[in-house]
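Just data07.tsv here, TSV, C-alpha atoms and all ligand atoms:
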```
chain	number	residue	atom	x	y	z
A	1	MET	CA	50.96	36.00	28.52
A	2	PRO	CA	49.34	39.37	29.23
A	3	ARG	CA	49.05	40.23	32.86
A	4	GLY	CA	45.73	39.28	34.47
A	5	LYS	CA	44.83	36.63	31.89
A	6	MET	CA	44.75	32.97	33.06
A	7	PRO	CA	44.96	30.03	30.67
A	8	ARG	CA	41.64	28.28	30.17
A	9	GLN	CA	41.30	25.21	32.45
A	10	PRO	CA	39.05	22.20	31.96
A	11	SER	CA	35.91	22.48	34.04
A	12	ARG	CA	35.82	20.27	37.16
A	13	SER	CA	32.15	19.60	36.59
A	14	GLY	CA	32.80	18.28	33.13
A	15	ARG	CA	30.74	21.11	31.62
A	16	GLN	CA	32.34	23.80	29.60
A	17	GLU	CA	32.23	27.27	31.06
A	18	GLY	CA	29.68	29.56	29.65
A	19	VAL	CA	27.27	26.78	28.69
A	20	ARG	CA	24.99	27.60	31.60
A	21	GLY	CA	22.40	30.10	30.52
A	22	ARG	CA	23.37	29.82	26.89
A	23	LYS	CA	20.48	28.86	24.65
A	24	LEU	CA	20.99	25.42	23.16
A	25	PRO	CA	20.20	24.93	19.49
A	26	SER	CA	16.65	23.78	19.05
A	27	PRO	CA	16.21	20.21	17.83
A	28	LYS	CA	15.40	19.52	14.22
A	29	PRO	CA	11.63	19.33	13.68
A	30	PHE	CA	11.75	15.62	12.87
A	31	SER	CA	13.49	14.75	16.17
A	32	LYS	CA	10.35	15.78	18.01
A	33	ARG	CA	8.41	12.95	16.39
A	34	ALA	CA	8.40	9.41	17.58
A	35	THR	CA	9.25	6.86	14.93
A	36	SER	CA	7.18	4.20	16.56
A	37	GLY	CA	6.01	3.07	19.93
A	38	PRO	CA	3.58	4.29	22.48
A	39	LYS	CA	3.00	7.79	23.71
A	40	ILE	CA	5.58	8.73	26.37
A	41	VAL	CA	4.20	10.65	29.29
A	42	GLN	CA	6.09	12.41	32.12
A	43	ALA	CA	5.24	11.31	35.62
A	44	GLY	CA	3.89	13.93	38.00
A	45	LYS	CA	0.97	16.19	38.72
A	46	ASN	CA	1.14	18.21	35.55
A	47	ALA	CA	2.12	15.33	33.34
A	48	ARG	CA	2.19	16.15	29.67
A	49	PRO	CA	3.15	14.15	26.61
A	50	THR	CA	6.78	14.87	25.77
A	51	GLN	CA	6.89	12.75	22.68
A	52	SER	CA	3.77	12.14	20.66
A	53	TYR	CA	3.28	9.06	18.56
A	54	ASP	CA	2.74	9.92	14.93
A	55	PRO	CA	1.90	6.90	12.77
A	56	LEU	CA	2.55	8.97	9.66
A	57	ALA	CA	5.99	10.19	10.75
A	58	PRO	CA	8.26	10.06	7.68
A	59	GLU	CA	10.81	7.92	9.51
A	60	ARG	CA	8.14	5.37	10.47
A	61	VAL	CA	6.85	5.25	6.89
A	62	ARG	CA	10.43	4.77	5.67
A	63	GLN	CA	10.86	1.88	8.09
A	64	ILE	CA	7.65	0.25	6.87
A	65	LEU	CA	8.75	0.60	3.23
A	66	ALA	CA	12.19	-0.80	4.07
A	67	GLY	CA	10.55	-3.71	5.90
A	68	LEU	CA	8.36	-4.45	2.87
A	69	ASP	CA	11.45	-4.36	0.64
A	70	ARG	CA	13.13	-6.92	2.87
A	71	LEU	CA	10.06	-9.15	2.99
A	72	TYR	CA	9.11	-8.88	-0.68
A	73	PRO	CA	12.11	-7.69	-2.72
A	74	ASP	CA	10.98	-8.69	-6.22
A	75	VAL	CA	7.22	-8.88	-6.21
A	76	THR	CA	4.99	-8.04	-9.09
A	77	CYS	CA	1.39	-8.63	-10.06
A	78	ALA	CA	0.32	-12.21	-9.32
A	79	LEU	CA	-2.18	-12.29	-12.19
A	80	THR	CA	-0.84	-14.19	-15.19
A	81	HIS	CA	-0.93	-12.03	-18.33
A	82	HIS	CA	0.94	-11.43	-21.57
A	83	SER	CA	-0.57	-8.13	-22.71
A	84	ALA	CA	-2.33	-5.06	-21.36
A	85	TRP	CA	-5.67	-6.47	-22.50
A	86	GLU	CA	-5.11	-9.79	-20.72
A	87	LEU	CA	-4.26	-7.84	-17.57
A	88	VAL	CA	-7.46	-5.79	-17.89
A	89	VAL	CA	-9.51	-9.01	-18.15
A	90	ALA	CA	-7.65	-10.76	-15.32
A	91	THR	CA	-8.04	-7.76	-13.02
A	92	ILE	CA	-11.77	-7.50	-13.72
A	93	LEU	CA	-12.12	-11.22	-12.98
A	94	SER	CA	-10.09	-10.91	-9.76
A	95	ALA	CA	-12.81	-8.88	-7.98
A	96	GLN	CA	-14.05	-10.94	-5.02
A	97	CYS	CA	-11.94	-13.85	-6.24
A	98	THR	CA	-8.47	-15.18	-5.55
A	99	ASP	CA	-5.66	-14.64	-8.05
A	100	VAL	CA	-5.05	-18.40	-7.98
A	101	ARG	CA	-8.56	-19.05	-9.23
A	102	VAL	CA	-8.28	-16.33	-11.91
A	103	ASN	CA	-4.99	-17.83	-13.08
A	104	MET	CA	-6.73	-21.18	-13.49
A	105	VAL	CA	-9.38	-19.63	-15.73
A	106	THR	CA	-7.50	-17.15	-17.94
A	107	PRO	CA	-5.12	-19.44	-19.91
A	108	GLY	CA	-8.05	-21.36	-21.43
A	109	LEU	CA	-10.01	-18.15	-21.89
A	110	PHE	CA	-7.26	-16.42	-23.88
A	111	GLU	CA	-6.68	-19.53	-25.93
A	112	LYS	CA	-10.36	-19.57	-26.87
A	113	TYR	CA	-10.53	-15.79	-27.48
A	114	PRO	CA	-7.01	-14.61	-28.32
A	115	THR	CA	-7.74	-10.95	-29.17
A	116	VAL	CA	-9.71	-8.03	-27.81
A	117	GLN	CA	-11.74	-8.15	-31.04
A	118	ASP	CA	-12.76	-11.74	-30.21
A	119	PHE	CA	-14.15	-10.57	-26.87
A	120	ALA	CA	-15.85	-7.56	-28.48
A	121	ALA	CA	-17.71	-9.88	-30.88
A	122	LEU	CA	-19.23	-11.88	-28.00
A	123	GLU	CA	-22.52	-11.41	-26.24
A	124	PRO	CA	-21.93	-11.33	-22.46
A	125	GLU	CA	-23.99	-14.51	-22.05
A	126	GLN	CA	-21.55	-16.37	-24.27
A	127	LEU	CA	-18.68	-15.55	-21.93
A	128	GLU	CA	-20.46	-16.48	-18.72
A	129	PRO	CA	-19.72	-20.24	-18.74
A	130	ASP	CA	-15.99	-19.62	-19.18
A	131	ILE	CA	-15.69	-17.34	-16.15
A	132	ARG	CA	-18.40	-18.75	-13.93
A	133	SER	CA	-15.93	-20.11	-11.35
A	134	THR	CA	-14.58	-16.60	-10.60
A	135	GLY	CA	-17.95	-15.56	-9.12
A	136	PHE	CA	-20.20	-12.63	-10.04
A	137	PHE	CA	-19.85	-13.96	-13.57
A	138	ARG	CA	-22.83	-12.11	-15.06
A	139	ASN	CA	-21.52	-8.69	-14.11
A	140	LYS	CA	-17.97	-9.66	-14.99
A	141	SER	CA	-19.07	-10.89	-18.42
A	142	LYS	CA	-20.81	-7.59	-19.09
A	143	SER	CA	-17.71	-5.67	-17.96
A	144	VAL	CA	-15.23	-7.69	-20.02
A	145	VAL	CA	-17.31	-7.59	-23.21
A	146	GLY	CA	-18.20	-3.93	-22.66
A	147	ALA	CA	-14.54	-3.00	-22.12
A	148	ALA	CA	-13.51	-4.94	-25.24
A	149	ARG	CA	-16.15	-3.18	-27.35
A	150	LYS	CA	-15.11	0.24	-26.06
A	151	ILE	CA	-11.42	-0.47	-26.71
A	152	VAL	CA	-12.22	-1.59	-30.27
A	153	SER	CA	-14.63	1.25	-31.03
A	154	ASP	CA	-12.87	4.18	-29.31
A	155	PHE	CA	-9.21	3.22	-29.03
A	156	GLY	CA	-8.47	1.28	-32.21
A	157	GLY	CA	-8.26	-2.04	-30.37
A	158	ILE	CA	-5.41	-0.85	-28.14
A	159	VAL	CA	-5.72	-0.54	-24.37
A	160	PRO	CA	-5.40	3.18	-23.53
A	161	GLN	CA	-2.55	4.35	-21.32
A	162	THR	CA	-4.12	7.16	-19.32
A	163	MET	CA	-6.20	7.05	-16.16
A	164	ASP	CA	-8.99	9.17	-17.68
A	165	GLU	CA	-9.29	6.94	-20.73
A	166	LEU	CA	-9.13	3.70	-18.77
A	167	LEU	CA	-11.88	4.91	-16.47
A	168	THR	CA	-14.22	5.19	-19.50
A	169	LEU	CA	-14.11	1.38	-19.91
A	170	PRO	CA	-17.05	-0.52	-18.42
A	171	GLY	CA	-16.04	-2.38	-15.27
A	172	VAL	CA	-12.78	-0.47	-14.88
A	173	ALA	CA	-12.40	1.67	-11.75
A	174	ARG	CA	-9.23	3.14	-10.26
A	175	LYS	CA	-8.07	-0.18	-8.81
A	176	THR	CA	-8.02	-1.93	-12.19
A	177	ALA	CA	-6.63	1.18	-13.92
A	178	ASN	CA	-3.80	1.42	-11.37
A	179	VAL	CA	-2.95	-2.26	-11.82
A	180	VAL	CA	-2.78	-1.89	-15.61
A	181	LEU	CA	-0.97	1.47	-15.64
A	182	GLY	CA	1.55	0.48	-12.97
A	183	THR	CA	2.20	-3.14	-13.92
A	184	TRP	CA	2.03	-3.10	-17.72
A	185	PHE	CA	2.73	0.53	-18.66
A	186	LYS	CA	5.08	1.23	-15.70
A	187	LYS	CA	3.23	4.44	-14.86
A	188	ASN	CA	2.77	5.34	-11.20
A	189	GLU	CA	-0.61	7.06	-11.36
A	190	GLY	CA	-1.96	5.82	-8.05
A	191	VAL	CA	-1.92	3.13	-5.39
A	192	VAL	CA	-3.91	-0.07	-5.91
A	193	VAL	CA	-6.41	-0.32	-3.06
A	194	ASP	CA	-7.94	-3.75	-2.74
A	195	THR	CA	-9.10	-5.68	0.30
A	196	HIS	CA	-5.50	-6.48	1.39
A	197	VAL	CA	-4.27	-2.89	1.06
A	198	THR	CA	-7.32	-1.60	2.90
A	199	ARG	CA	-6.81	-3.99	5.81
A	200	ILE	CA	-3.06	-3.53	6.16
A	201	ALA	CA	-3.06	0.25	5.72
A	202	ARG	CA	-5.54	0.44	8.59
A	203	ARG	CA	-3.68	-2.04	10.78
A	204	LEU	CA	-0.47	-0.05	10.29
A	205	GLU	CA	-2.35	3.22	10.99
A	206	LEU	CA	-1.47	4.65	7.58
A	207	THR	CA	-5.12	5.58	7.15
A	208	LYS	CA	-8.26	5.79	9.24
A	209	ASN	CA	-10.53	5.72	6.22
A	210	GLU	CA	-12.58	2.82	4.91
A	211	ASP	CA	-13.40	4.25	1.50
A	212	ALA	CA	-10.98	3.04	-1.20
A	213	GLN	CA	-10.51	6.41	-2.85
A	214	LYS	CA	-9.77	8.13	0.47
A	215	ILE	CA	-7.36	5.35	1.45
A	216	GLU	CA	-5.60	5.77	-1.90
A	217	GLN	CA	-5.27	9.51	-1.33
A	218	ASP	CA	-3.88	8.90	2.17
A	219	LEU	CA	-1.29	6.44	0.87
A	220	MET	CA	-0.32	8.63	-2.09
A	221	ALA	CA	0.40	11.43	0.38
A	222	ILE	CA	2.96	9.43	2.38
A	223	VAL	CA	4.48	6.90	-0.05
A	224	PRO	CA	6.92	8.32	-2.62
A	225	ARG	CA	5.36	8.30	-6.10
A	226	GLU	CA	8.07	6.13	-7.65
A	227	ARG	CA	7.08	3.42	-5.15
A	228	TRP	CA	3.32	3.44	-5.62
A	229	THR	CA	3.12	0.34	-7.83
A	230	ASP	CA	5.76	-1.71	-5.98
A	231	PHE	CA	4.23	-0.70	-2.64
A	232	SER	CA	0.82	-1.91	-3.85
A	233	HIS	CA	2.17	-5.29	-4.92
A	234	GLN	CA	4.21	-5.69	-1.73
A	235	VAL	CA	1.24	-4.95	0.52
A	236	ILE	CA	-1.01	-7.27	-1.49
A	237	TRP	CA	1.57	-10.06	-1.10
A	238	HIS	CA	1.87	-9.27	2.60
A	239	GLY	CA	-1.90	-9.66	2.87
A	240	ARG	CA	-1.75	-13.05	1.23
A	241	LYS	CA	1.28	-14.43	3.04
A	242	LEU	CA	1.31	-13.04	6.59
A	243	CYS	CA	-1.11	-10.24	7.31
A	244	VAL	CA	-4.14	-12.33	6.49
A	245	ALA	CA	-7.62	-11.18	7.45
A	246	ARG	CA	-8.15	-13.59	10.34
A	247	GLY	CA	-5.27	-14.68	12.53
A	248	PRO	CA	-2.41	-12.64	11.02
A	249	LYS	CA	0.98	-14.32	11.44
A	250	CYS	CA	2.47	-11.54	13.54
A	251	ALA	CA	5.22	-13.66	15.11
A	252	ASP	CA	6.70	-14.12	11.61
A	253	CYS	CA	6.12	-10.55	10.44
A	254	GLY	CA	9.06	-8.25	9.73
A	255	LEU	CA	6.87	-5.23	10.47
A	256	GLU	CA	5.81	-6.44	13.91
A	257	LYS	CA	7.68	-3.82	15.93
A	258	LEU	CA	6.09	-1.05	13.87
A	259	CYS	CA	2.58	-2.45	14.11
A	260	HIS	CA	0.13	-1.70	16.91
A	261	ALA	CA	-2.95	-3.30	15.36
A	262	ALA	CA	-5.77	-4.20	17.71
A	263	ASP	CA	-6.15	-7.69	16.25
A	264	LYS	CA	-2.50	-8.72	16.34
A	265	THR	CA	-1.97	-12.32	17.37
A	266	TRP	CA	1.38	-11.60	19.05
A	267	SER	CA	2.99	-8.32	20.00
A	268	THR	CA	6.11	-6.81	21.52
A	269	VAL	CA	4.67	-3.29	21.39
A	270	GLU	CA	1.65	-1.50	22.76
A	271	ILE	CA	-1.62	-2.31	21.02
A	272	HIS	CA	-3.65	0.63	19.70
A	273	LYS	CA	-7.39	0.19	19.67
A	274	SER	CA	-7.70	2.50	16.70
A	275	ALA	CA	-5.34	0.38	14.61
A	276	LYS	CA	-7.71	-2.25	13.33
A	277	PRO	CA	-8.74	-3.64	9.96
B	301	LIG	S1	2.37	-7.52	12.93
B	301	LIG	FE1	0.60	-8.77	12.37
B	301	LIG	S2	-1.08	-7.33	12.02
B	301	LIG	FE2	0.84	-6.16	11.99
B	301	LIG	S3	1.43	-6.05	9.83
B	301	LIG	FE3	2.45	-7.84	10.69
B	301	LIG	S4	1.09	-9.58	10.33
B	301	LIG	FE4	-0.10	-7.67	10.03
```

Please express what this file holds, its structure, as structure tokens.
Amino acid sequence: MPRGKMPRQPSRSGRQEGVRGRKLPSPKPFSKRATSGPKIVQAGKNARPTQSYDPLAPERVRQILAGLDRLYPDVTCALTHHSAWELVVATILSAQCTDVRVNMVTPGLFEKYPTVQDFAALEPEQLEPDIRSTGFFRNKSKSVVGAARKIVSDFGGIVPQTMDELLTLPGVARKTANVVLGTWFKKNEGVVVDTHVTRIARRLELTKNEDAQKIEQDLMAIVPRERWTDFSHQVIWHGRKLCVARGPKCADCGLEKLCHAADKTWSTVEIHKSAKP
């Protein structure tokens, strides 16, 4: 060994020599974000938040999606249908009505009027008695007959497969178009925003908006596109089964630890006043 050089000894303090004063590598950007939980604040006079809660943190969104996969692994649209046209009709009828009720009405309806041409040949008043029990039957009759006529006159009797074309059909807005495109045509063009998705997205702080189109934009920005349709169905099922409008079943909910909703019925985490339906 050269004169004057000593072999390196382990530090008595447990720290390696030379660490003091050396700049430590800065944490990855994501590690600065909380995945869930309340804001953490340092005690003391000049207390400042050291870790801010971000409800849209990618890791939190991933955990919510994973939780939905565990809760609802194989869900699809609950509306009974055997064609794109039947799904258009069922979705129009499902506005302000339960899927169970719609599924009671549609089998007889499609037996009576098997094709889109049969519906196009009707006057709306003729359809009203058949769909009366789904509510808002006058408007729904106009929408169904109007959509049938448009499909026959402009699209050769075949339900179109693009958002722009679907939106030209009477009674079809983005929600119905997303259901048909995602469920029947397997195209992820958007997220279905109905009353369940609106409520749960707000409870989980995935949006602060109340307008359906803004909520859809918020969800499309954080949910991977390939999951848009499945995510929609999973959240709709969650809204029916557990995260119901009044008295959500939080004690049974697999998302409970990630949820800070103001109207939770049971909670192991801090409640956020802003997280409400
Ligand atoms: S914990 Fe309760 S409010 Fe939150 S998502 Fe689950 S059921 Fe809904």

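The space between atom CA of Arg240 of chain A and atom CA of Ser141 of chain A spans 26.3 Å.
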
Test item: residues at most 12 Å from Met163 of chain A, all atoms listed in the file, excluding those fewer than 6 positions along its chain, as a PDB file with C-alpha atoms, in the frame of the given file:
```
ATOM      1  CA  LEU A 169     -14.110   1.380 -19.910  1.00  0.00           C
ATOM      2  CA  VAL A 172     -12.780  -0.470 -14.880  1.00  0.00           C
ATOM      3  CA  ALA A 173     -12.400   1.670 -11.750  1.00  0.00           C
ATOM      4  CA  ARG A 174      -9.230   3.140 -10.260  1.00  0.00           C
ATOM      5  CA  LYS A 175      -8.070  -0.180  -8.810  1.00  0.00           C
ATOM      6  CA  THR A 176      -8.020  -1.930 -12.190  1.00  0.00           C
ATOM      7  CA  ALA A 177      -6.630   1.180 -13.920  1.00  0.00           C
ATOM      8  CA  ASN A 178      -3.800   1.420 -11.370  1.00  0.00           C
ATOM      9  CA  VAL A 179      -2.950  -2.260 -11.820  1.00  0.00           C
ATOM     10  CA  VAL A 180      -2.780  -1.890 -15.610  1.00  0.00           C
ATOM     11  CA  LEU A 181      -0.970   1.470 -15.640  1.00  0.00           C
ATOM     12  CA  GLY A 182       1.550   0.480 -12.970  1.00  0.00           C
ATOM     13  CA  PHE A 185       2.730   0.530 -18.660  1.00  0.00           C
ATOM     14  CA  LYS A 187       3.230   4.440 -14.860  1.00  0.00           C
ATOM     15  CA  ASN A 188       2.770   5.340 -11.200  1.00  0.00           C
ATOM     16  CA  GLU A 189      -0.610   7.060 -11.360  1.00  0.00           C
ATOM     17  CA  GLY A 190      -1.960   5.820  -8.050  1.00  0.00           C
TER      18      GLY A 190
END
```

Got a sec: who's within 7 Å of Gly67 of chain A, counting only C-alpha atoms, leaving out chain neighbours fewer than 4 positions off, as a PDB file with C-alpha atoms, keeping the file's coordinate frame?
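Once written, selection-v8.pdb looks like this:
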```pdb
ATOM      1  CA  GLN A  63      10.860   1.880   8.090  1.00  0.00           C
ATOM      2  CA  LEU A  71      10.060  -9.150   2.990  1.00  0.00           C
ATOM      3  CA  GLY A 254       9.060  -8.250   9.730  1.00  0.00           C
ATOM      4  CA  LEU A 255       6.870  -5.230  10.470  1.00  0.00           C
TER       5      LEU A 255
END
```

Shell of 7 Å around Val159 of chain A, all atoms listed in the file, local chain residues under 3 positions omitted, as a list in words: Ala84, Trp85, Ile151 and Phe155 of chain A

Among listed residues A:Val102, A:Ala275, A:Ala147, A:Leu109, nearest Ser133 of chain A (using only C-alpha atoms): A:Val102

Test item: residues at most 9 Å from segment 205-207 of chain A, all atoms listed in the file, excluding those fewer than 6 positions along its chain, as a PDB file with C-alpha atoms, in the frame of the given file:
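File produced: result-v2.pdb:
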```pdb
ATOM      1  CA  PRO A  55       1.900   6.900  12.770  1.00  0.00           C
ATOM      2  CA  LEU A  56       2.550   8.970   9.660  1.00  0.00           C
ATOM      3  CA  VAL A  61       6.850   5.250   6.890  1.00  0.00           C
ATOM      4  CA  THR A 198      -7.320  -1.600   2.900  1.00  0.00           C
ATOM      5  CA  LYS A 214      -9.770   8.130   0.470  1.00  0.00           C
ATOM      6  CA  ILE A 215      -7.360   5.350   1.450  1.00  0.00           C
ATOM      7  CA  ASP A 218      -3.880   8.900   2.170  1.00  0.00           C
ATOM      8  CA  LEU A 219      -1.290   6.440   0.870  1.00  0.00           C
ATOM      9  CA  ILE A 222       2.960   9.430   2.380  1.00  0.00           C
ATOM     10  CA  CYS A 259       2.580  -2.450  14.110  1.00  0.00           C
ATOM     11  CA  HIS A 260       0.130  -1.700  16.910  1.00  0.00           C
ATOM     12  CA  ALA A 261      -2.950  -3.300  15.360  1.00  0.00           C
ATOM     13  CA  SER A 274      -7.700   2.500  16.700  1.00  0.00           C
ATOM     14  CA  ALA A 275      -5.340   0.380  14.610  1.00  0.00           C
ATOM     15  CA  LYS A 276      -7.710  -2.250  13.330  1.00  0.00           C
TER      16      LYS A 276
END
```

Nearby residues, ligand LIG 301 (chain B), 7 Å, all atoms listed in the file, as a VMD selection string: chain A and resid 200 203 to 204 242 to 243 248 to 250 253 to 256 259 to 261 263 to 265

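One finds atom CA of Asp194 of chain A at 29.0 Å from atom CA of Lys112 of chain A.
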
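Residues lying within 8 Å of Ala148 of chain A, counting all atoms listed in the file and ignoring same-chain neighbours fewer than 2 positions away, are A:Val116, A:Gln117, A:Phe119, A:Ala120, A:Val144, A:Val145, A:Gly146, A:Lys150, A:Ile151, A:Val152, A:Gly157.
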
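Between atom CA of Thr98 of chain A and atom CA of Thr134 of chain A the interatomic distance comes to 8.1 Å.
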
A:Gln234, A:Thr168, A:Thr195, A:Ser83 ranked by distance to Thr115 of chain A, top pick (using all atoms listed in the file): A:Ser83

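Among A:Leu166, A:Ala251, A:Val235, A:Val191, the residue with the shortest atom-to-atom distance to Asp69 of chain A, counting all atoms listed in the file, is A:Val235.
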
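Nearest to His272 of chain A of all the residues A:Asp154, A:Pro58, A:Tyr53, A:Gln213 is A:Tyr53, based on all atoms listed in the file.
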
Counting only C-alpha atoms, the option among A:Arg138, A:Ser94, A:Leu258, A:Arg62 closest to Val223 of chain A: A:Arg62

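Using all atoms listed in the file, the nearest neighbour of Ala212 of chain A within the list A:Thr80, A:Arg199, A:Val193, A:Pro224 is A:Val193.
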
Residue completion, segment 70-84 of chain A, N, CA and C atoms, as a PDB file, in the coordinates of the input:
```pdb
ATOM      1  N   ARG A  70      12.422  -5.725   2.386  1.00  0.00           N
ATOM      2  CA  ARG A  70      13.130  -6.920   2.870  1.00  0.00           C
ATOM      3  C   ARG A  70      12.252  -8.172   2.736  1.00  0.00           C
ATOM      4  N   LEU A  71      10.967  -7.995   3.039  1.00  0.00           N
ATOM      5  CA  LEU A  71      10.060  -9.150   2.990  1.00  0.00           C
ATOM      6  C   LEU A  71       9.739  -9.574   1.561  1.00  0.00           C
ATOM      7  N   TYR A  72       9.569  -8.587   0.688  1.00  0.00           N
ATOM      8  CA  TYR A  72       9.110  -8.880  -0.680  1.00  0.00           C
ATOM      9  C   TYR A  72       9.947  -8.077  -1.677  1.00  0.00           C
ATOM     10  N   PRO A  73      11.193  -8.507  -1.903  1.00  0.00           N
ATOM     11  CA  PRO A  73      12.110  -7.690  -2.720  1.00  0.00           C
ATOM     12  C   PRO A  73      11.741  -7.629  -4.205  1.00  0.00           C
ATOM     13  N   ASP A  74      11.178  -8.665  -4.764  1.00  0.00           N
ATOM     14  CA  ASP A  74      10.980  -8.690  -6.220  1.00  0.00           C
ATOM     15  C   ASP A  74       9.544  -9.013  -6.610  1.00  0.00           C
ATOM     16  N   VAL A  75       8.599  -8.482  -5.894  1.00  0.00           N
ATOM     17  CA  VAL A  75       7.220  -8.880  -6.210  1.00  0.00           C
ATOM     18  C   VAL A  75       6.681  -8.115  -7.399  1.00  0.00           C
ATOM     19  N   THR A  76       5.746  -8.725  -8.044  1.00  0.00           N
ATOM     20  CA  THR A  76       4.990  -8.040  -9.090  1.00  0.00           C
ATOM     21  C   THR A  76       3.562  -8.580  -9.039  1.00  0.00           C
ATOM     22  N   CYS A  77       2.793  -8.213 -10.037  1.00  0.00           N
ATOM     23  CA  CYS A  77       1.390  -8.630 -10.060  1.00  0.00           C
ATOM     24  C   CYS A  77       1.297 -10.154 -10.162  1.00  0.00           C
ATOM     25  N   ALA A  78       0.427 -10.738  -9.345  1.00  0.00           N
ATOM     26  CA  ALA A  78       0.320 -12.210  -9.320  1.00  0.00           C
ATOM     27  C   ALA A  78      -0.604 -12.732 -10.419  1.00  0.00           C
ATOM     28  N   LEU A  79      -1.266 -11.837 -11.144  1.00  0.00           N
ATOM     29  CA  LEU A  79      -2.180 -12.290 -12.190  1.00  0.00           C
ATOM     30  C   LEU A  79      -1.388 -12.599 -13.467  1.00  0.00           C
ATOM     31  N   THR A  80      -1.543 -13.805 -13.964  1.00  0.00           N
ATOM     32  CA  THR A  80      -0.840 -14.190 -15.190  1.00  0.00           C
ATOM     33  C   THR A  80      -1.388 -13.388 -16.369  1.00  0.00           C
ATOM     34  N   HIS A  81      -0.490 -12.802 -17.163  1.00  0.00           N
ATOM     35  CA  HIS A  81      -0.930 -12.030 -18.330  1.00  0.00           C
ATOM     36  C   HIS A  81       0.243 -11.860 -19.286  1.00  0.00           C
ATOM     37  N   HIS A  82      -0.096 -11.631 -20.553  1.00  0.00           N
ATOM     38  CA  HIS A  82       0.940 -11.430 -21.570  1.00  0.00           C
ATOM     39  C   HIS A  82       0.713 -10.162 -22.365  1.00  0.00           C
ATOM     40  N   SER A  83      -0.292  -9.397 -22.010  1.00  0.00           N
ATOM     41  CA  SER A  83      -0.570  -8.130 -22.710  1.00  0.00           C
ATOM     42  C   SER A  83      -1.406  -7.256 -21.777  1.00  0.00           C
ATOM     43  N   ALA A  84      -1.515  -5.987 -22.160  1.00  0.00           N
ATOM     44  CA  ALA A  84      -2.330  -5.060 -21.360  1.00  0.00           C
ATOM     45  C   ALA A  84      -3.778  -5.539 -21.312  1.00  0.00           C
TER      46      ALA A  84
END
```
